[in-house]
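Peer 1: Here it is, the structure in full.
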Amino acid sequence: MSAKINANTLATKEAHVKQEIKTNKSPKLKKALGYAAFVGPAVLFFVLIQIIPFFMGVYYSFTSWNGVSSAVEWVGLENYIKIFTDDQKFFNSFIFTTKFMFAAVLISNIIGFGFALLLNAALKTKNILRTVFFIPNVIGGLLLGFIWQFIFVKGFASIGNMTDIGFFKLPWLGDEATAFWGIVIVFAWQISGYMMVIYIAALQGVDTSLLEAAKMDGATNWSLLTKIIIPLILPAFTICFFLTISMAFKIFDLNLSLTGGGPFNSTESVAINIYQEAFMNNRYGLGTAKSILFFIVVAVFTTLQVTFTKKKEVEA
């Protein structure tokens, strides 16, 4: 009888232990399922849209595929060798894109930060002005390019004829130098409002008591800006520089609609060069090889920029 009682007691204890294990597992399982439900679709689409095409592009960069036929011939490093030894046009487009990146990043961030300082003040119309300055960022790049093409070709010419001002009489999209600055102007006009929003958010996080204490100690507005405000909002500069560098390097739609790479390929960006190589010349393997090299260069530039500005944040 006692043996039966002991057996029943042991069975009961085992049942309790199993139930406790199930109870402990179930919240963890529910938590994992909850994460999977929220994160899973995003991860799935990221893998399908970004990761898989990227590795497919790496594979095709070692082939001579034309992008149409089912025949894919492996050529190894032939595409990369051709780029470095017999593709001056690609390097010219890369030089143009690099120069454009430096000019566009500098100008768009100066304008965006200037707008942020202006609209962070106690202006009655600051909300309306924020909307006005941000609107260009909402307009699609192709549409914006065609609008500005009309302004440069027709609008500026009409103003120049009426006022006889030399600035408006320049061949804005017909000359290499002016076409370069024309693209920079449109890019900065489109992106500055977006940078402005980031800078405004950072400025609103600055402790006003620090500024008031510095003013009481006799600090000038320039000292407040350079010694207190800018060091405190350096993380915003890191974000804005990262965004503008990547956007400027990848410029395609504005470049295509404004100049199409002309005159005489003098304003052809790397993105347009890759597009023409892959989809116009039907050399998809060579085009993907160029895109892989371009990806590496952009990754190196942005990594160096983030590393440098992050160090400055720590020092500040």
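Simple scheme: letters A, B, ... for chains in structure tokens order, numbers from 1 for residues in each chain, numbers from 1 for ligands in the order shown.
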Excluding region 61-64 of chain A and residues on its chain fewer than 4 positions from it, collect all residues at most 8 Å away from it, counting only C-alpha atoms, and give them as a PDB file with N, CA and C atoms, in the first residue's frame.

Peer 2:
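Saved file part_8.pdb follows:
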ATOM      1  N   GLY A  57      23.729  39.734 -57.751  1.00  0.00           N
ATOM      2  CA  GLY A  57      24.537  40.707 -58.475  1.00  0.00           C
ATOM      3  C   GLY A  57      26.018  40.384 -58.386  1.00  0.00           C
ATOM      4  N   VAL A  72      24.254  31.895 -69.304  1.00  0.00           N
ATOM      5  CA  VAL A  72      25.102  32.702 -68.417  1.00  0.00           C
ATOM      6  C   VAL A  72      26.502  32.096 -68.445  1.00  0.00           C
ATOM      7  N   GLU A  73      27.451  32.831 -69.003  1.00  0.00           N
ATOM      8  CA  GLU A  73      28.817  32.324 -69.133  1.00  0.00           C
ATOM      9  C   GLU A  73      29.712  32.925 -68.052  1.00  0.00           C
ATOM     10  N   TRP A  74      30.397  32.061 -67.328  1.00  0.00           N
ATOM     11  CA  TRP A  74      31.305  32.493 -66.268  1.00  0.00           C
ATOM     12  C   TRP A  74      32.603  33.015 -66.883  1.00  0.00           C
ATOM     13  N   VAL A  75      32.985  34.252 -66.529  1.00  0.00           N
ATOM     14  CA  VAL A  75      34.205  34.838 -67.093  1.00  0.00           C
ATOM     15  C   VAL A  75      35.210  35.233 -66.012  1.00  0.00           C
ATOM     16  N   GLY A  76      34.904  34.965 -64.767  1.00  0.00           N
ATOM     17  CA  GLY A  76      35.825  35.264 -63.680  1.00  0.00           C
ATOM     18  C   GLY A  76      36.009  36.758 -63.464  1.00  0.00           C
ATOM     19  N   LEU A  77      37.248  37.193 -63.401  1.00  0.00           N
ATOM     20  CA  LEU A  77      37.573  38.598 -63.113  1.00  0.00           C
ATOM     21  C   LEU A  77      37.653  39.458 -64.369  1.00  0.00           C
ATOM     22  N   GLU A  78      37.209  38.934 -65.490  1.00  0.00           N
ATOM     23  CA  GLU A  78      37.341  39.659 -66.757  1.00  0.00           C
ATOM     24  C   GLU A  78      36.636  41.011 -66.732  1.00  0.00           C
ATOM     25  N   ASN A  79      35.446  41.062 -66.157  1.00  0.00           N
ATOM     26  CA  ASN A  79      34.706  42.335 -66.093  1.00  0.00           C
ATOM     27  C   ASN A  79      35.449  43.372 -65.258  1.00  0.00           C
ATOM     28  N   ARG A 283      24.938  44.744 -71.318  1.00  0.00           N
ATOM     29  CA  ARG A 283      26.096  44.069 -70.718  1.00  0.00           C
ATOM     30  C   ARG A 283      25.857  44.039 -69.211  1.00  0.00           C
ATOM     31  N   TYR A 284      24.950  43.160 -68.812  1.00  0.00           N
ATOM     32  CA  TYR A 284      24.509  43.106 -67.424  1.00  0.00           C
ATOM     33  C   TYR A 284      25.637  42.680 -66.495  1.00  0.00           C
ATOM     34  N   GLY A 285      26.472  41.745 -66.944  1.00  0.00           N
ATOM     35  CA  GLY A 285      27.586  41.305 -66.116  1.00  0.00           C
ATOM     36  C   GLY A 285      28.551  42.431 -65.819  1.00  0.00           C
ATOM     37  N   LEU A 286      28.896  43.209 -66.838  1.00  0.00           N
ATOM     38  CA  LEU A 286      29.793  44.343 -66.649  1.00  0.00           C
ATOM     39  C   LEU A 286      29.131  45.425 -65.795  1.00  0.00           C
ATOM     40  N   GLY A 287      27.850  45.648 -66.020  1.00  0.00           N
ATOM     41  CA  GLY A 287      27.124  46.642 -65.227  1.00  0.00           C
ATOM     42  C   GLY A 287      27.070  46.275 -63.754  1.00  0.00           C
ATOM     43  N   THR A 288      26.840  45.008 -63.443  1.00  0.00           N
ATOM     44  CA  THR A 288      26.803  44.596 -62.036  1.00  0.00           C
ATOM     45  C   THR A 288      28.195  44.654 -61.403  1.00  0.00           C
ATOM     46  N   ALA A 289      29.228  44.384 -62.187  1.00  0.00           N
ATOM     47  CA  ALA A 289      30.590  44.529 -61.663  1.00  0.00           C
ATOM     48  C   ALA A 289      30.861  45.978 -61.267  1.00  0.00           C
ATOM     49  N   ILE A 292      29.013  46.725 -58.018  1.00  0.00           N
ATOM     50  CA  ILE A 292      29.673  46.169 -56.834  1.00  0.00           C
ATOM     51  C   ILE A 292      30.826  47.070 -56.403  1.00  0.00           C
TER      52      ILE A 292
END

Peer 1: Excluding Thr97 (chain A) and any residue of its chain fewer than 6 positions from it, enumerate the residues within 7 Å of it, using only C-alpha atoms, and give them as an MDAnalysis selection string.

Peer 2: chainID A and resid 249 269:270

Peer 1: CA of Val197 (chain A) and CA of Ala116 (chain A), how far apart in Å?

Peer 2: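 The value is 7.1 Å.
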
Peer 1: Tell me which protein, DNA and RNA residues are within 10 Å of Asn265 (chain A), counting only C-alpha atoms, leaving out same-chain ones fewer than 3 positions away, and put them as a PyMOL selection string.

Peer 2: chain A and resi 89+92-93+96+176+259-262+268-269+273

Peer 1: Measure the distance from CA of Ala236 (chain A) to CA of Gly205 (chain A) in Å and round it to one decimal.

Peer 2: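 The value is 10.9 Å.
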
Peer 1: Nearest residue to Ile191 (chain A) out of A:Phe134, A:Tyr275, A:Trp222, A:Phe152, using only C-alpha atoms?

Peer 2: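 Of A:Phe134, A:Tyr275, A:Trp222, A:Phe152, the one nearest Ile191 (chain A) is A:Phe134, counting only C-alpha atoms.
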
Peer 1: What separation in Å, quoted to one decimal, exists between CA of Tyr59 (chain A) and CA of Ile274 (chain A)?

Peer 2: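 Rounded to one decimal, the two atoms are 16.4 Å apart.
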
Peer 1: Find the residue from A:Ser257, A:Thr303, A:Ser291, A:Thr98 that sits nearest to Ile183 (chain A); use only C-alpha atoms when measuring.

Peer 2: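 Between A:Ser257, A:Thr303, A:Ser291, A:Thr98, the residue approaching Ile183 (chain A) most closely is A:Ser257.
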
Peer 1: Give me, as a PDB file with N, CA and C atoms, in the first residue's frame, all polymer residues having an atom no more than 12 Å from Ile107 (chain A), counting only C-alpha atoms and skipping those fewer than 5 positions away in the same chain.

Peer 2:
ATOM      1  N   PHE A 100      30.758  66.126 -57.367  1.00  0.00           N
ATOM      2  CA  PHE A 100      29.377  66.512 -57.079  1.00  0.00           C
ATOM      3  C   PHE A 100      29.031  66.217 -55.625  1.00  0.00           C
ATOM      4  N   MET A 101      29.478  65.071 -55.121  1.00  0.00           N
ATOM      5  CA  MET A 101      29.174  64.689 -53.745  1.00  0.00           C
ATOM      6  C   MET A 101      29.718  65.712 -52.754  1.00  0.00           C
ATOM      7  N   PHE A 102      30.970  66.115 -52.909  1.00  0.00           N
ATOM      8  CA  PHE A 102      31.572  67.073 -51.978  1.00  0.00           C
ATOM      9  C   PHE A 102      30.830  68.423 -52.019  1.00  0.00           C
ATOM     10  N   GLY A 112      20.591  73.687 -44.987  1.00  0.00           N
ATOM     11  CA  GLY A 112      19.682  73.029 -44.048  1.00  0.00           C
ATOM     12  C   GLY A 112      19.894  73.500 -42.618  1.00  0.00           C
ATOM     13  N   PHE A 113      21.171  73.632 -42.214  1.00  0.00           N
ATOM     14  CA  PHE A 113      21.465  74.094 -40.854  1.00  0.00           C
ATOM     15  C   PHE A 113      21.081  75.562 -40.680  1.00  0.00           C
ATOM     16  N   GLY A 114      21.300  76.360 -41.724  1.00  0.00           N
ATOM     17  CA  GLY A 114      20.891  77.761 -41.666  1.00  0.00           C
ATOM     18  C   GLY A 114      19.383  77.911 -41.518  1.00  0.00           C
ATOM     19  N   TRP A 181      27.005  72.806 -61.737  1.00  0.00           N
ATOM     20  CA  TRP A 181      26.441  73.606 -60.649  1.00  0.00           C
ATOM     21  C   TRP A 181      24.924  73.633 -60.711  1.00  0.00           C
ATOM     22  N   VAL A 184      23.904  70.612 -58.818  1.00  0.00           N
ATOM     23  CA  VAL A 184      24.152  70.846 -57.386  1.00  0.00           C
ATOM     24  C   VAL A 184      23.050  71.725 -56.797  1.00  0.00           C
ATOM     25  N   ILE A 185      22.656  72.769 -57.513  1.00  0.00           N
ATOM     26  CA  ILE A 185      21.610  73.684 -57.032  1.00  0.00           C
ATOM     27  C   ILE A 185      20.290  72.936 -56.814  1.00  0.00           C
ATOM     28  N   VAL A 186      19.907  72.137 -57.793  1.00  0.00           N
ATOM     29  CA  VAL A 186      18.632  71.417 -57.685  1.00  0.00           C
ATOM     30  C   VAL A 186      18.684  70.385 -56.567  1.00  0.00           C
ATOM     31  N   PHE A 187      19.798  69.664 -56.446  1.00  0.00           N
ATOM     32  CA  PHE A 187      19.943  68.668 -55.373  1.00  0.00           C
ATOM     33  C   PHE A 187      19.849  69.338 -54.008  1.00  0.00           C
ATOM     34  N   ALA A 188      20.580  70.454 -53.831  1.00  0.00           N
ATOM     35  CA  ALA A 188      20.547  71.160 -52.549  1.00  0.00           C
ATOM     36  C   ALA A 188      19.152  71.711 -52.260  1.00  0.00           C
ATOM     37  N   TRP A 189      18.479  72.206 -53.288  1.00  0.00           N
ATOM     38  CA  TRP A 189      17.123  72.735 -53.120  1.00  0.00           C
ATOM     39  C   TRP A 189      16.163  71.635 -52.678  1.00  0.00           C
ATOM     40  N   GLN A 190      16.368  70.431 -53.176  1.00  0.00           N
ATOM     41  CA  GLN A 190      15.483  69.320 -52.817  1.00  0.00           C
ATOM     42  C   GLN A 190      15.779  68.760 -51.430  1.00  0.00           C
ATOM     43  N   ILE A 191      17.053  68.622 -51.084  1.00  0.00           N
ATOM     44  CA  ILE A 191      17.448  67.903 -49.879  1.00  0.00           C
ATOM     45  C   ILE A 191      17.541  68.785 -48.636  1.00  0.00           C
ATOM     46  N   SER A 192      17.771  70.079 -48.809  1.00  0.00           N
ATOM     47  CA  SER A 192      18.011  70.960 -47.664  1.00  0.00           C
ATOM     48  C   SER A 192      16.861  70.955 -46.667  1.00  0.00           C
ATOM     49  N   MET A 195      17.181  67.917 -44.405  1.00  0.00           N
ATOM     50  CA  MET A 195      18.241  68.115 -43.419  1.00  0.00           C
ATOM     51  C   MET A 195      17.794  69.120 -42.356  1.00  0.00           C
ATOM     52  N   PHE A 241      25.230  64.206 -42.602  1.00  0.00           N
ATOM     53  CA  PHE A 241      26.344  63.961 -43.524  1.00  0.00           C
ATOM     54  C   PHE A 241      26.253  62.564 -44.128  1.00  0.00           C
ATOM     55  N   THR A 244      23.340  62.673 -46.762  1.00  0.00           N
ATOM     56  CA  THR A 244      23.641  63.462 -47.963  1.00  0.00           C
ATOM     57  C   THR A 244      24.766  62.834 -48.787  1.00  0.00           C
ATOM     58  N   ILE A 245      25.748  62.236 -48.130  1.00  0.00           N
ATOM     59  CA  ILE A 245      26.822  61.561 -48.878  1.00  0.00           C
ATOM     60  C   ILE A 245      26.259  60.403 -49.691  1.00  0.00           C
ATOM     61  N   ALA A 248      23.956  61.790 -52.513  1.00  0.00           N
ATOM     62  CA  ALA A 248      24.706  62.451 -53.581  1.00  0.00           C
ATOM     63  C   ALA A 248      25.453  61.442 -54.440  1.00  0.00           C
TER      64      ALA A 248
END

Peer 1: Residues of region 176-269 of chain A that have any atom at most 6 Å from an atom of region 142-151 of chain A: could you tabulate them with the shortest-distance atom pair and the distance in Å to one decimal, using only C-alpha atoms, ordered by chain and increasing number, as CSV?

Peer 2:
residue,atom,partner,partner_atom,distance
A:Asp253,CA,A:Leu142,CA,5.1
A:Leu254,CA,A:Gly145,CA,5.0
A:Ser257,CA,A:Gly145,CA,5.0
A:Leu258,CA,A:Gly145,CA,5.1

Peer 1: Which is closer to Phe180 (chain A) than all the others in A:Lys250, A:Lys82, A:Lys310, A:Lys99, using only C-alpha atoms?

Peer 2: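 Looking at the shortest contact to Phe180 (chain A), the residue is A:Lys99.
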
Peer 1: Choose the residue, out of A:Phe301, A:Phe308, A:Phe168, A:Phe46, that has the smallest atom-to-atom separation from Ser246 (chain A); count only C-alpha atoms.

Peer 2: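 Nearest to Ser246 (chain A): A:Phe301.
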